[in-house]
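Colleague: Attaching a single structure in structure tokens format; questions to follow.
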Amino acid sequence: MTAFPDPASPDRKAVTASVRLRHEAGLHARPAVKLTKLAKKFSAKVSVAMLPDGPWIDAKSIVKVMATKTPHDALLHFRAEGEDAEAAVLALVALVERDFPDAG
Amino acid sequence: MSENVSLVIVSHSPDIARGTAEMVRQMVGEEVKVAHCGGNPEGGLGTDVQRILQAIERAWSPRGVAILVDLGGAETNSEMAIEMLPEDRRSRVVLCNAPIVEGAIMAATEASGGASLAEVRATAEELSPVT
């Protein structure tokens, strides 16, 4: 999956991508913590949604990410805006694709 | 300012305090210091101001310390411990009004990203239902 500039807001350098959540139990506690911690490493505003049009929630908010209770096989959408937006989206997609590995 | 806010877990039960701290370590990682204490000096259920003070000392971070507690006495004894701290540290230790296990995980996740003490507490307290 490659990240691409969001056609809806090209001037704001928003980058979006989506990825299928293969994790058996869905976005439960540990994957949610990993996703949030990774999102926090980037300065870009990073959002996540279960539908392509949102509602978008702050991917850096552990409480909000865990509250989505995203089930197994759902499509997760990421959107990032800012300096390192593309790196952020690629890293988050990779985390989900690799099924939330422990180290790193 | 590379250090993160750290946590202190105060439960009536030493097992719950230790288990909560261990759960934080496994789920969130090593970058947030977590100290814990529980039980009274006689080995029974309870909390003890001196032990809470020692736990704050072990966890100490210049960025601040967030305390998570379980029931009644854990809260009042933690408040007492905060009041007994030297004045320059008192303002950098806060009690979170949040469930002990869930609050600890949320607070530690927020702290791991370098958040301020106020942000860490707000994240833990975001869990509590609005009444």
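Residue numbering restarts at 1 in every chain; chains get A, B, ... in the order shown in the structure tokens, and ligands count up from 1 in that same order.
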Within 8 Å of range 61-69 of chain A, counting only C-alpha atoms, which residues qualify if same-chain residues fewer than 4 places away don't, as a ChimeraX atom specification?
Modeller: /A:26-29,32-33,36,57 /B:106,109-110,123,126-127
Colleague: Would you mind listing, as a PyMOL selection string, all residues of chain B that have at least one atom within 12 Å of chain A, where only C-alpha atoms are what counts?
Modeller: chain B and resi 23-31+101-115+119-120+122-128
Colleague: Write out as a PyMOL selection string each polymer residue whose atoms come within 8 Å of Gly38 in chain B, counting only C-alpha atoms; drop sequence neighbours fewer than 5 positions from it.
Modeller: chain B and resi 10-17+45-48+51
Colleague: Tell me, as an MDAnalysis selection string, which residues lie within 7 Å of Ile52 in chain B, counting only C-alpha atoms; anything in the same chain fewer than 4 positions away does not count.
Modeller: chainID B and resid 37 48 56 78 81
Colleague: Give me, as an MDAnalysis selection string, the residues of chain A that a backbone DSSP run labels strand (DSSP E or B).
Modeller: chainID A and resid 4:5 14:20 45:49 57:58 75:81
Colleague: Using DSSP assignments from the backbone, pull out every residue in chain A that falls under alpha helix (DSSP H) and give it to me as a PyMOL selection string.
Modeller: chain A and resi 29-40+62-67+85-97
Colleague: Using the selection just defined, write its residues with C-alpha atoms as a compact mmCIF listing (two decimals), in the first residue's frame.
Modeller:
# COMPACT_ATOMS: atom_id res chain seq x y z
CA ALA A 29 -5.46 -2.83 24.06
CA ARG A 30 -1.94 -3.75 23.04
CA PRO A 31 -2.23 -2.94 19.32
CA ALA A 32 -3.94 0.35 20.23
CA VAL A 33 -1.04 1.28 22.51
CA LYS A 34 1.48 0.44 19.77
CA LEU A 35 -0.40 2.41 17.14
CA THR A 36 -0.69 5.46 19.40
CA LYS A 37 2.96 5.33 20.47
CA LEU A 38 4.07 5.14 16.84
CA ALA A 39 1.81 8.03 15.80
CA LYS A 40 3.30 10.16 18.60
CA ILE A 62 -4.82 6.38 23.28
CA VAL A 63 -8.26 6.79 24.83
CA LYS A 64 -9.91 7.62 21.50
CA VAL A 65 -8.04 4.95 19.52
CA MET A 66 -8.95 2.23 22.02
CA ALA A 67 -12.56 3.42 22.11
CA ALA A 85 3.06 13.12 7.02
CA GLU A 86 4.10 10.56 4.41
CA ALA A 87 6.58 8.83 6.73
CA ALA A 88 3.93 8.70 9.45
CA VAL A 89 1.31 7.08 7.22
CA LEU A 90 3.79 4.59 5.78
CA ALA A 91 5.02 3.61 9.25
CA LEU A 92 1.47 3.12 10.58
CA VAL A 93 0.42 1.05 7.57
CA ALA A 94 3.55 -1.08 8.00
CA LEU A 95 2.77 -1.60 11.69
CA VAL A 96 -0.72 -2.88 10.89
CA GLU A 97 0.49 -4.99 7.94
